[in-house]
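Structure file input15.pdb; described as PDB, N, CA and C atoms.
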ATOM      1  N   MET T   1       0.907  17.128  10.459
ATOM      2  CA  MET T   1       0.926  16.029  11.414
ATOM      3  C   MET T   1       1.156  14.716  10.668
ATOM      4  N   ARG T   2       1.862  13.800  11.276
ATOM      5  CA  ARG T   2       2.155  12.498  10.646
ATOM      6  C   ARG T   2       1.060  11.505  10.959
ATOM      7  N   LEU T   3       0.987  10.468  10.151
ATOM      8  CA  LEU T   3       0.042   9.391  10.416
ATOM      9  C   LEU T   3       0.383   8.704  11.724
ATOM     10  N   MET T   4      -0.609   8.080  12.345
ATOM     11  CA  MET T   4      -0.363   7.379  13.610
ATOM     12  C   MET T   4       0.664   6.273  13.436
ATOM     13  N   THR T   5       0.604   5.551  12.336
ATOM     14  CA  THR T   5       1.641   4.580  11.997
ATOM     15  C   THR T   5       2.636   5.330  11.140
ATOM     16  N   THR T   6       3.877   5.320  11.514
ATOM     17  CA  THR T   6       4.845   6.104  10.753
ATOM     18  C   THR T   6       4.981   5.548   9.351
ATOM     19  N   GLN T   7       5.386   6.405   8.468
ATOM     20  CA  GLN T   7       5.506   5.987   7.080
ATOM     21  C   GLN T   7       6.613   4.976   6.896
ATOM     22  N   ASP T   8       7.536   4.903   7.854
ATOM     23  CA  ASP T   8       8.589   3.891   7.772
ATOM     24  C   ASP T   8       8.021   2.502   8.040
ATOM     25  N   ASP T   9       6.945   2.425   8.803
ATOM     26  CA  ASP T   9       6.331   1.136   9.124
ATOM     27  C   ASP T   9       5.522   0.585   7.952
ATOM     28  N   ALA T  10       4.882   1.450   7.196
ATOM     29  CA  ALA T  10       3.988   1.009   6.126
ATOM     30  C   ALA T  10       4.595   1.322   4.766
ATOM     31  N   ARG T  11       4.691   0.298   3.928
ATOM     32  CA  ARG T  11       5.208   0.490   2.578
ATOM     33  C   ARG T  11       4.121   1.000   1.649
ATOM     34  N   TRP T  12       2.862   0.639   1.937
ATOM     35  CA  TRP T  12       1.738   1.058   1.109
ATOM     36  C   TRP T  12       0.490   1.128   1.972
ATOM     37  N   TRP T  13      -0.544   1.752   1.432
ATOM     38  CA  TRP T  13      -1.784   1.994   2.180
ATOM     39  C   TRP T  13      -2.995   1.563   1.367
ATOM     40  N   ALA T  14      -3.953   0.922   2.043
ATOM     41  CA  ALA T  14      -5.263   0.645   1.450
ATOM     42  C   ALA T  14      -6.143   1.841   1.796
ATOM     43  N   ILE T  15      -6.823   2.384   0.809
ATOM     44  CA  ILE T  15      -7.633   3.583   0.999
ATOM     45  C   ILE T  15      -9.002   3.341   0.397
ATOM     46  N   ARG T  16     -10.055   3.652   1.154
ATOM     47  CA  ARG T  16     -11.412   3.529   0.620
ATOM     48  C   ARG T  16     -12.305   4.567   1.260
ATOM     49  N   GLY T  17     -13.376   4.856   0.572
ATOM     50  CA  GLY T  17     -14.347   5.804   1.091
ATOM     51  C   GLY T  17     -15.148   5.197   2.230
ATOM     52  N   ALA T  18     -15.671   6.060   3.106
ATOM     53  CA  ALA T  18     -16.462   5.579   4.232
ATOM     54  C   ALA T  18     -17.486   6.628   4.639
ATOM     55  N   GLN T  19     -18.554   6.154   5.216
ATOM     56  CA  GLN T  19     -19.561   7.007   5.834
ATOM     57  C   GLN T  19     -20.359   6.105   6.743
ATOM     58  N   ASN T  20     -20.590   6.552   7.940
ATOM     59  CA  ASN T  20     -21.248   5.715   8.932
ATOM     60  C   ASN T  20     -22.462   6.453   9.460
ATOM     61  N   MET T  21     -23.481   5.717   9.867
ATOM     62  CA  MET T  21     -24.681   6.338  10.402
ATOM     63  C   MET T  21     -24.676   6.385  11.923
ATOM     64  N   LYS T  22     -23.633   5.873  12.552
ATOM     65  CA  LYS T  22     -23.609   5.927  14.011
ATOM     66  C   LYS T  22     -23.063   7.283  14.469
ATOM     67  N   PRO T  23     -23.548   7.783  15.574
ATOM     68  CA  PRO T  23     -23.098   9.094  16.040
ATOM     69  C   PRO T  23     -21.749   9.005  16.765
ATOM     70  N   ALA T  24     -20.690   8.849  16.006
ATOM     71  CA  ALA T  24     -19.348   8.741  16.577
ATOM     72  C   ALA T  24     -18.483   9.879  16.053
ATOM     73  N   THR T  25     -17.425  10.152  16.761
ATOM     74  CA  THR T  25     -16.467  11.165  16.340
ATOM     75  C   THR T  25     -15.077  10.551  16.380
ATOM     76  N   TYR T  26     -14.312  10.783  15.328
ATOM     77  CA  TYR T  26     -12.954  10.280  15.236
ATOM     78  C   TYR T  26     -11.995  11.464  15.175
ATOM     79  N   THR T  27     -10.719  11.191  15.351
ATOM     80  CA  THR T  27      -9.687  12.197  15.150
ATOM     81  C   THR T  27      -8.925  11.828  13.888
ATOM     82  N   CYS T  28      -8.852  12.750  12.964
ATOM     83  CA  CYS T  28      -8.135  12.516  11.710
ATOM     84  C   CYS T  28      -6.646  12.379  12.022
ATOM     85  N   PRO T  29      -6.019  11.277  11.618
ATOM     86  CA  PRO T  29      -4.589  11.091  11.906
ATOM     87  C   PRO T  29      -3.686  11.996  11.065
ATOM     88  N   LEU T  30      -4.238  12.633  10.045
ATOM     89  CA  LEU T  30      -3.425  13.470   9.167
ATOM     90  C   LEU T  30      -3.379  14.933   9.609
ATOM     91  N   CYS T  31      -4.490  15.415  10.167
ATOM     92  CA  CYS T  31      -4.514  16.820  10.585
ATOM     93  C   CYS T  31      -4.765  16.992  12.082
ATOM     94  N   GLY T  32      -5.233  15.941  12.755
ATOM     95  CA  GLY T  32      -5.480  16.001  14.189
ATOM     96  C   GLY T  32      -6.807  16.620  14.575
ATOM     97  N   LYS T  33      -7.618  17.002  13.586
ATOM     98  CA  LYS T  33      -8.919  17.619  13.875
ATOM     99  C   LYS T  33     -10.005  16.554  13.989
ATOM    100  N   ARG T  34     -11.146  16.958  14.524
ATOM    101  CA  ARG T  34     -12.283  16.053  14.712
ATOM    102  C   ARG T  34     -12.929  15.706  13.384
ATOM    103  N   LEU T  35     -13.484  14.508  13.340
ATOM    104  CA  LEU T  35     -14.138  13.996  12.140
ATOM    105  C   LEU T  35     -15.403  13.277  12.581
ATOM    106  N   HIS T  36     -16.550  13.720  12.088
ATOM    107  CA  HIS T  36     -17.815  13.088  12.448
ATOM    108  C   HIS T  36     -18.062  11.896  11.533
ATOM    109  N   ALA T  37     -18.467  10.796  12.114
ATOM    110  CA  ALA T  37     -18.647   9.549  11.364
ATOM    111  C   ALA T  37     -19.714   9.675  10.289
ATOM    112  N   MET T  38     -20.692  10.536  10.486
ATOM    113  CA  MET T  38     -21.776  10.657   9.517
ATOM    114  C   MET T  38     -21.384  11.478   8.291
ATOM    115  N   SER T  39     -20.232  12.129   8.332
ATOM    116  CA  SER T  39     -19.772  12.878   7.157
ATOM    117  C   SER T  39     -19.004  11.932   6.238
ATOM    118  N   GLU T  40     -18.941  12.302   4.961
ATOM    119  CA  GLU T  40     -18.141  11.500   4.035
ATOM    120  C   GLU T  40     -16.678  11.642   4.423
ATOM    121  N   HIS T  41     -15.981  10.514   4.490
ATOM    122  CA  HIS T  41     -14.560  10.533   4.835
ATOM    123  C   HIS T  41     -13.897   9.295   4.254
ATOM    124  N   MET T  42     -12.645   9.059   4.587
ATOM    125  CA  MET T  42     -11.896   7.932   4.033
ATOM    126  C   MET T  42     -11.367   7.062   5.166
ATOM    127  N   LEU T  43     -11.196   5.782   4.853
ATOM    128  CA  LEU T  43     -10.507   4.865   5.754
ATOM    129  C   LEU T  43      -9.140   4.584   5.145
ATOM    130  N   VAL T  44      -8.092   4.725   5.936
ATOM    131  CA  VAL T  44      -6.743   4.397   5.487
ATOM    132  C   VAL T  44      -6.211   3.294   6.389
ATOM    133  N   ALA T  45      -5.659   2.257   5.758
ATOM    134  CA  ALA T  45      -5.129   1.121   6.515
ATOM    135  C   ALA T  45      -3.725   0.820   6.017
ATOM    136  N   PRO T  46      -2.741   0.827   6.914
ATOM    137  CA  PRO T  46      -1.375   0.515   6.485
ATOM    138  C   PRO T  46      -1.256  -0.934   6.042
ATOM    139  N   GLU T  47      -0.827  -1.114   4.797
ATOM    140  CA  GLU T  47      -0.656  -2.444   4.204
ATOM    141  C   GLU T  47      -1.894  -3.310   4.375
ATOM    142  N   ASP T  48      -3.051  -2.675   4.277
ATOM    143  CA  ASP T  48      -4.369  -3.325   4.362
ATOM    144  C   ASP T  48      -4.588  -4.038   5.694
ATOM    145  N   ASP T  49      -3.924  -3.591   6.742
ATOM    146  CA  ASP T  49      -4.102  -4.147   8.086
ATOM    147  C   ASP T  49      -5.321  -3.469   8.704
ATOM    148  N   ARG T  50      -6.445  -4.134   8.637
ATOM    149  CA  ARG T  50      -7.705  -3.526   9.075
ATOM    150  C   ARG T  50      -7.751  -3.253  10.571
ATOM    151  N   ALA T  51      -6.914  -3.926  11.334
ATOM    152  CA  ALA T  51      -6.862  -3.666  12.775
ATOM    153  C   ALA T  51      -6.237  -2.292  13.052
ATOM    154  N   ARG T  52      -5.436  -1.779  12.116
ATOM    155  CA  ARG T  52      -4.781  -0.480  12.300
ATOM    156  C   ARG T  52      -5.382   0.610  11.417
ATOM    157  N   ARG T  53      -6.585   0.381  10.887
ATOM    158  CA  ARG T  53      -7.196   1.378  10.002
ATOM    159  C   ARG T  53      -7.583   2.626  10.791
ATOM    160  N   ARG T  54      -7.601   3.747  10.087
ATOM    161  CA  ARG T  54      -7.942   5.027  10.691
ATOM    162  C   ARG T  54      -8.888   5.793   9.779
ATOM    163  N   HIS T  55      -9.760   6.577  10.384
ATOM    164  CA  HIS T  55     -10.688   7.436   9.658
ATOM    165  C   HIS T  55     -10.011   8.780   9.437
ATOM    166  N   ALA T  56     -10.077   9.302   8.207
ATOM    167  CA  ALA T  56      -9.422  10.569   7.882
ATOM    168  C   ALA T  56     -10.319  11.400   6.972
ATOM    169  N   HIS T  57     -10.156  12.725   7.045
ATOM    170  CA  HIS T  57     -10.891  13.617   6.146
ATOM    171  C   HIS T  57     -10.500  13.320   4.704
ATOM    172  N   THR T  58     -11.456  13.396   3.817
ATOM    173  CA  THR T  58     -11.191  13.171   2.393
ATOM    174  C   THR T  58     -10.145  14.164   1.887
ATOM    175  N   ALA T  59     -10.272  15.424   2.251
ATOM    176  CA  ALA T  59      -9.326  16.446   1.796
ATOM    177  C   ALA T  59      -7.905  16.152   2.299
ATOM    178  N   CYS T  60      -7.784  15.651   3.520
ATOM    179  CA  CYS T  60      -6.463  15.321   4.064
ATOM    180  C   CYS T  60      -5.831  14.162   3.302
ATOM    181  N   VAL T  61      -6.641  13.158   2.973
ATOM    182  CA  VAL T  61      -6.134  11.998   2.225
ATOM    183  C   VAL T  61      -5.707  12.428   0.823
ATOM    184  N   VAL T  62      -6.524  13.255   0.177
ATOM    185  CA  VAL T  62      -6.182  13.731  -1.165
ATOM    186  C   VAL T  62      -4.868  14.511  -1.130
ATOM    187  N   ALA T  63      -4.716  15.387  -0.130
ATOM    188  CA  ALA T  63      -3.476  16.169  -0.015
ATOM    189  C   ALA T  63      -2.266  15.264   0.245
ATOM    190  N   ALA T  64      -2.420  14.267   1.099
ATOM    191  CA  ALA T  64      -1.320  13.339   1.390
ATOM    192  C   ALA T  64      -0.970  12.500   0.164
ATOM    193  N   ARG T  65      -1.981  12.110  -0.605
ATOM    194  CA  ARG T  65      -1.729  11.336  -1.830
ATOM    195  C   ARG T  65      -0.977  12.180  -2.846
ATOM    196  N   ARG T  66      -1.382  13.435  -3.002
ATOM    197  CA  ARG T  66      -0.691  14.322  -3.950
ATOM    198  C   ARG T  66       0.762  14.551  -3.539
ATOM    199  N   ALA T  67       0.999  14.570  -2.231
ATOM    200  CA  ALA T  67       2.356  14.772  -1.718
ATOM    201  C   ALA T  67       3.173  13.482  -1.746
ATOM    202  N   GLY T  68       2.533  12.360  -2.101
ATOM    203  CA  GLY T  68       3.241  11.079  -2.202
ATOM    204  C   GLY T  68       3.418  10.361  -0.879
ATOM    205  N   ARG T  69       2.668  10.753   0.147
ATOM    206  CA  ARG T  69       2.829  10.138   1.467
ATOM    207  C   ARG T  69       1.945   8.920   1.695
ATOM    208  N   LEU T  70       0.984   8.660   0.814
ATOM    209  CA  LEU T  70       0.105   7.495   0.966
ATOM    210  C   LEU T  70       0.088   6.668  -0.319
ATOM    211  N   PRO T  71       1.163   5.979  -0.644
ATOM    212  CA  PRO T  71       1.160   5.177  -1.878
ATOM    213  C   PRO T  71       0.221   3.972  -1.744
ATOM    214  N   THR T  72      -0.441   3.633  -2.831
ATOM    215  CA  THR T  72      -1.283   2.443  -2.848
ATOM    216  C   THR T  72      -0.408   1.219  -3.113
ATOM    217  N   TYR T  73      -0.995   0.034  -3.017
ATOM    218  CA  TYR T  73      -0.243  -1.194  -3.268
ATOM    219  C   TYR T  73       0.330  -1.197  -4.679
ATOM    220  N   ASP T  74      -0.479  -0.820  -5.665
ATOM    221  CA  ASP T  74      -0.017  -0.840  -7.057
ATOM    222  C   ASP T  74       1.136   0.134  -7.275
ATOM    223  N   GLU T  75       1.069   1.309  -6.650
ATOM    224  CA  GLU T  75       2.159   2.275  -6.787
ATOM    225  C   GLU T  75       3.433   1.752  -6.131
ATOM    226  N   TRP T  76       3.306   1.156  -4.954
ATOM    227  CA  TRP T  76       4.475   0.594  -4.277
ATOM    228  C   TRP T  76       5.061  -0.557  -5.084
ATOM    229  N   ARG T  77       4.201  -1.437  -5.586
ATOM    230  CA  ARG T  77       4.651  -2.616  -6.336
ATOM    231  C   ARG T  77       5.414  -2.214  -7.597
ATOM    232  N   ALA T  78       5.005  -1.115  -8.213
ATOM    233  CA  ALA T  78       5.675  -0.652  -9.434
ATOM    234  C   ALA T  78       7.111  -0.221  -9.156
ATOM    235  N   THR T  79       7.443   0.089  -7.909
ATOM    236  CA  THR T  79       8.808   0.511  -7.571
ATOM    237  C   THR T  79       9.693  -0.657  -7.168
ATOM    238  N   GLN T  80       9.138  -1.840  -7.045
ATOM    239  CA  GLN T  80       9.907  -2.999  -6.591
ATOM    240  C   GLN T  80      10.601  -3.686  -7.765
ATOM    241  N   PRO T  81      11.810  -4.215  -7.528
ATOM    242  CA  PRO T  81      12.514  -4.922  -8.609
ATOM    243  C   PRO T  81      11.756  -6.176  -9.020
ATOM    244  N   ARG T  82      11.769  -6.440 -10.282
ATOM    245  CA  ARG T  82      11.066  -7.617 -10.806
ATOM    246  C   ARG T  82      12.056  -8.749 -11.007
ATOM    247  N   GLY T  83      11.640  -9.938 -10.661
ATOM    248  CA  GLY T  83      12.450 -11.128 -10.888
ATOM    249  C   GLY T  83      12.313 -11.573 -12.330
ATOM    250  N   PRO T  84      13.080 -12.571 -12.726
ATOM    251  CA  PRO T  84      12.971 -13.063 -14.104
ATOM    252  C   PRO T  84      11.600 -13.702 -14.344
ATOM    253  N   GLY T  85      11.091 -13.527 -15.529
ATOM    254  CA  GLY T  85       9.795 -14.093 -15.886
ATOM    255  C   GLY T  85       9.917 -15.586 -16.186
ATOM    256  N   PRO T  86       8.791 -16.252 -16.441
ATOM    257  CA  PRO T  86       8.816 -17.696 -16.673
ATOM    258  C   PRO T  86       9.626 -18.095 -17.902
ATOM    259  N   LEU T  87       9.583 -17.304 -18.956
ATOM    260  CA  LEU T  87      10.344 -17.644 -20.166
ATOM    261  C   LEU T  87      11.842 -17.542 -19.898
ATOM    262  N   SER T  88      12.271 -16.525 -19.170
ATOM    263  CA  SER T  88      13.690 -16.387 -18.830
ATOM    264  C   SER T  88      14.164 -17.544 -17.962
ATOM    265  N   ARG T  89      13.331 -17.952 -16.999
ATOM    266  CA  ARG T  89      13.701 -19.078 -16.134
ATOM    267  C   ARG T  89      13.805 -20.371 -16.926
ATOM    268  N   LEU T  90      12.890 -20.583 -17.868
ATOM    269  CA  LEU T  90      12.926 -21.783 -18.706
ATOM    270  C   LEU T  90      14.181 -21.797 -19.575
ATOM    271  N   LEU T  91      14.507 -20.674 -20.186
ATOM    272  CA  LEU T  91      15.697 -20.584 -21.021
ATOM    273  C   LEU T  91      16.957 -20.843 -20.194
ATOM    274  N   ALA T  92      17.019 -20.323 -18.989
ATOM    275  CA  ALA T  92      18.182 -20.551 -18.120
ATOM    276  C   ALA T  92      18.301 -22.026 -17.756
ATOM    277  N   ALA T  93      17.170 -22.687 -17.484
ATOM    278  CA  ALA T  93      17.190 -24.110 -17.137
ATOM    279  C   ALA T  93      17.667 -24.946 -18.318
ATOM    280  N   VAL T  94      17.212 -24.625 -19.524
ATOM    281  CA  VAL T  94      17.628 -25.364 -20.722
ATOM    282  C   VAL T  94      19.124 -25.158 -20.958
ATOM    283  N   THR T  95      19.604 -23.960 -20.794
ATOM    284  CA  THR T  95      21.027 -23.658 -20.974
ATOM    285  C   THR T  95      21.869 -24.429 -19.967
ATOM    286  N   ARG T  96      21.421 -24.470 -18.702
ATOM    287  CA  ARG T  96      22.160 -25.229 -17.681
ATOM    288  C   ARG T  96      22.174 -26.715 -18.011
ATOM    289  N   ARG T  97      21.051 -27.233 -18.468
ATOM    290  CA  ARG T  97      20.963 -28.651 -18.794
ATOM    291  C   ARG T  97      21.915 -28.992 -19.937
ATOM    292  N   ARG T  98      21.975 -28.141 -20.963
ATOM    293  CA  ARG T  98      22.881 -28.376 -22.093
ATOM    294  C   ARG T  98      24.324 -28.331 -21.629
ATOM    295  N   ALA T  99      24.653 -27.377 -20.760
ATOM    296  CA  ALA T  99      26.024 -27.262 -20.250
ATOM    297  C   ALA T  99      26.403 -28.489 -19.443
ATOM    298  N   THR T 100      25.489 -29.031 -18.671
ATOM    299  CA  THR T 100      25.736 -30.223 -17.864
ATOM    300  C   THR T 100      25.975 -31.430 -18.773
ATOM    301  N   ARG T 101      25.166 -31.579 -19.839
ATOM    302  CA  ARG T 101      25.328 -32.697 -20.765
ATOM    303  C   ARG T 101      26.663 -32.625 -21.494
ATOM    304  N   GLU T 102      27.050 -31.412 -21.929
ATOM    305  CA  GLU T 102      28.306 -31.268 -22.681
ATOM    306  C   GLU T 102      29.514 -31.495 -21.791
ATOM    307  N   SER T 103      29.437 -31.133 -20.533
ATOM    308  CA  SER T 103      30.593 -31.321 -19.647
ATOM    309  C   SER T 103      30.732 -32.780 -19.221
ATOM    310  N   SER T 104      29.652 -33.567 -19.281
ATOM    311  CA  SER T 104      29.738 -34.981 -18.878
ATOM    312  C   SER T 104      30.232 -35.860 -20.022
ATOM    313  N   ARG T 105      30.383 -35.362 -21.234
ATOM    314  CA  ARG T 105      30.842 -36.156 -22.381
ATOM    315  C   ARG T 105      32.311 -36.367 -22.362
TER
END

Re-express the file's structure as structure tokens.
Amino acid sequence: MRLMTTQDDARWWAIRGAQNMKPATYTCPLCGKRLHAMSEHMLVAPEDDRARRRHAHTACVVAARRAGRLPTYDEWRATQPRGPGPLSRLLAAVTRRRATRESSR
């Protein structure tokens, strides 16, 4: 079963452990089975959007993580292209300034 928020909507997921003392029952978005709030479980939130967080079985989250379906922010960020660092930007600015001075002579 897929997550309630499709994986195309969320680039990364915030994941943390949870356990509640209130007598509530949730439906795991990963397997569709019942989950009792008093049992140890996990909270998964797409892009740390707490309004869309869902309670899931720990085993389901572990399986989804192993399959690569729930990347964390750090894992997602590592796949993103990096811009030039501060030293590269400074060197480019100095080079442009020198070129401007030489062309105005």

Mind checking DSSP for segment 1-102 of chain T and telling me the helix (DSSP H, G or I) residues as an mmCIF file with N, CA and C atoms, in the coordinates of the input?
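New file part-v9.cif:
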data_model
loop_
_atom_site.group_PDB
_atom_site.id
_atom_site.type_symbol
_atom_site.label_atom_id
_atom_site.label_comp_id
_atom_site.auth_asym_id
_atom_site.auth_seq_id
_atom_site.Cartn_x
_atom_site.Cartn_y
_atom_site.Cartn_z
ATOM 1 N N ARG T 50 -6.445 -4.134 8.637
ATOM 2 C CA ARG T 50 -7.705 -3.526 9.075
ATOM 3 C C ARG T 50 -7.751 -3.253 10.571
ATOM 4 N N ALA T 51 -6.914 -3.926 11.334
ATOM 5 C CA ALA T 51 -6.862 -3.666 12.775
ATOM 6 C C ALA T 51 -6.237 -2.292 13.052
ATOM 7 N N ARG T 52 -5.436 -1.779 12.116
ATOM 8 C CA ARG T 52 -4.781 -0.480 12.300
ATOM 9 C C ARG T 52 -5.382 0.610 11.417
ATOM 10 N N THR T 58 -11.456 13.396 3.817
ATOM 11 C CA THR T 58 -11.191 13.171 2.393
ATOM 12 C C THR T 58 -10.145 14.164 1.887
ATOM 13 N N ALA T 59 -10.272 15.424 2.251
ATOM 14 C CA ALA T 59 -9.326 16.446 1.796
ATOM 15 C C ALA T 59 -7.905 16.152 2.299
ATOM 16 N N CYS T 60 -7.784 15.651 3.520
ATOM 17 C CA CYS T 60 -6.463 15.321 4.064
ATOM 18 C C CYS T 60 -5.831 14.162 3.302
ATOM 19 N N VAL T 61 -6.641 13.158 2.973
ATOM 20 C CA VAL T 61 -6.134 11.998 2.225
ATOM 21 C C VAL T 61 -5.707 12.428 0.823
ATOM 22 N N VAL T 62 -6.524 13.255 0.177
ATOM 23 C CA VAL T 62 -6.182 13.731 -1.165
ATOM 24 C C VAL T 62 -4.868 14.511 -1.130
ATOM 25 N N ALA T 63 -4.716 15.387 -0.130
ATOM 26 C CA ALA T 63 -3.476 16.169 -0.015
ATOM 27 C C ALA T 63 -2.266 15.264 0.245
ATOM 28 N N ALA T 64 -2.420 14.267 1.099
ATOM 29 C CA ALA T 64 -1.320 13.339 1.390
ATOM 30 C C ALA T 64 -0.970 12.500 0.164
ATOM 31 N N ARG T 65 -1.981 12.110 -0.605
ATOM 32 C CA ARG T 65 -1.729 11.336 -1.830
ATOM 33 C C ARG T 65 -0.977 12.180 -2.846
ATOM 34 N N ARG T 66 -1.382 13.435 -3.002
ATOM 35 C CA ARG T 66 -0.691 14.322 -3.950
ATOM 36 C C ARG T 66 0.762 14.551 -3.539
ATOM 37 N N TYR T 73 -0.995 0.034 -3.017
ATOM 38 C CA TYR T 73 -0.243 -1.194 -3.268
ATOM 39 C C TYR T 73 0.330 -1.197 -4.679
ATOM 40 N N ASP T 74 -0.479 -0.820 -5.665
ATOM 41 C CA ASP T 74 -0.017 -0.840 -7.057
ATOM 42 C C ASP T 74 1.136 0.134 -7.275
ATOM 43 N N GLU T 75 1.069 1.309 -6.650
ATOM 44 C CA GLU T 75 2.159 2.275 -6.787
ATOM 45 C C GLU T 75 3.433 1.752 -6.131
ATOM 46 N N TRP T 76 3.306 1.156 -4.954
ATOM 47 C CA TRP T 76 4.475 0.594 -4.277
ATOM 48 C C TRP T 76 5.061 -0.557 -5.084
ATOM 49 N N ARG T 77 4.201 -1.437 -5.586
ATOM 50 C CA ARG T 77 4.651 -2.616 -6.336
ATOM 51 C C ARG T 77 5.414 -2.214 -7.597
ATOM 52 N N ALA T 78 5.005 -1.115 -8.213
ATOM 53 C CA ALA T 78 5.675 -0.652 -9.434
ATOM 54 C C ALA T 78 7.111 -0.221 -9.156
ATOM 55 N N PRO T 86 8.791 -16.252 -16.441
ATOM 56 C CA PRO T 86 8.816 -17.696 -16.673
ATOM 57 C C PRO T 86 9.626 -18.095 -17.902
ATOM 58 N N LEU T 87 9.583 -17.304 -18.956
ATOM 59 C CA LEU T 87 10.344 -17.644 -20.166
ATOM 60 C C LEU T 87 11.842 -17.542 -19.898
ATOM 61 N N SER T 88 12.271 -16.525 -19.170
ATOM 62 C CA SER T 88 13.690 -16.387 -18.830
ATOM 63 C C SER T 88 14.164 -17.544 -17.962
ATOM 64 N N ARG T 89 13.331 -17.952 -16.999
ATOM 65 C CA ARG T 89 13.701 -19.078 -16.134
ATOM 66 C C ARG T 89 13.805 -20.371 -16.926
ATOM 67 N N LEU T 90 12.890 -20.583 -17.868
ATOM 68 C CA LEU T 90 12.926 -21.783 -18.706
ATOM 69 C C LEU T 90 14.181 -21.797 -19.575
ATOM 70 N N LEU T 91 14.507 -20.674 -20.186
ATOM 71 C CA LEU T 91 15.697 -20.584 -21.021
ATOM 72 C C LEU T 91 16.957 -20.843 -20.194
ATOM 73 N N ALA T 92 17.019 -20.323 -18.989
ATOM 74 C CA ALA T 92 18.182 -20.551 -18.120
ATOM 75 C C ALA T 92 18.301 -22.026 -17.756
ATOM 76 N N ALA T 93 17.170 -22.687 -17.484
ATOM 77 C CA ALA T 93 17.190 -24.110 -17.137
ATOM 78 C C ALA T 93 17.667 -24.946 -18.318
ATOM 79 N N VAL T 94 17.212 -24.625 -19.524
ATOM 80 C CA VAL T 94 17.628 -25.364 -20.722
ATOM 81 C C VAL T 94 19.124 -25.158 -20.958
ATOM 82 N N THR T 95 19.604 -23.960 -20.794
ATOM 83 C CA THR T 95 21.027 -23.658 -20.974
ATOM 84 C C THR T 95 21.869 -24.429 -19.967
ATOM 85 N N ARG T 96 21.421 -24.470 -18.702
ATOM 86 C CA ARG T 96 22.160 -25.229 -17.681
ATOM 87 C C ARG T 96 22.174 -26.715 -18.011
ATOM 88 N N ARG T 97 21.051 -27.233 -18.468
ATOM 89 C CA ARG T 97 20.963 -28.651 -18.794
ATOM 90 C C ARG T 97 21.915 -28.992 -19.937
ATOM 91 N N ARG T 98 21.975 -28.141 -20.963
ATOM 92 C CA ARG T 98 22.881 -28.376 -22.093
ATOM 93 C C ARG T 98 24.324 -28.331 -21.629
ATOM 94 N N ALA T 99 24.653 -27.377 -20.760
ATOM 95 C CA ALA T 99 26.024 -27.262 -20.250
ATOM 96 C C ALA T 99 26.403 -28.489 -19.443
ATOM 97 N N THR T 100 25.489 -29.031 -18.671
ATOM 98 C CA THR T 100 25.736 -30.223 -17.864
ATOM 99 C C THR T 100 25.975 -31.430 -18.773
ATOM 100 N N ARG T 101 25.166 -31.579 -19.839
ATOM 101 C CA ARG T 101 25.328 -32.697 -20.765
ATOM 102 C C ARG T 101 26.663 -32.625 -21.494
ATOM 103 N N GLU T 102 27.050 -31.412 -21.929
ATOM 104 C CA GLU T 102 28.306 -31.268 -22.681
ATOM 105 C C GLU T 102 29.514 -31.495 -21.791
#

For this session: Could you check how far atom CA of Met21 of chain T sits from atom N of Tyr73 of chain T, in Å to one decimal?
Result: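 Here the two named atoms are 27.9 Å from each other.
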
Exercise. Taking the file as shown, what set of residues would the PyMOL selection byres ((chain T and resi 43) around 6.5) give back, as a PyMOL selection string?
Worked result: chain T and resi 14-18+41-42+44-45+53-56

For this session: One decimal, Å: what's the distance from atom CA of Arg34 of chain T over to atom CA of Val62 of chain T, could you say?
Result: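 Atom-to-atom, atom CA of Arg34 of chain T to atom CA of Val62 of chain T, that is 17.2 Å.
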
Seminar exercise, completed: One decimal place gives the atom CA of Arg50 of chain T-atom N of Ala10 of chain T separation as 13.7 Å

Problem set entry | Nearest to Arg11 of chain T by atom-to-atom distance, counting only C-alpha atoms, from T:Pro81, T:Pro46, T:Gly68, T:Pro86 |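 Once distances to Arg11 of chain T are computed over only C-alpha atoms, the minimum belongs to T:Pro46.
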
Problem set entry | Picked from segment 20-69 of chain T by DSSP as strand (DSSP E or B), as a count of residues only | 15
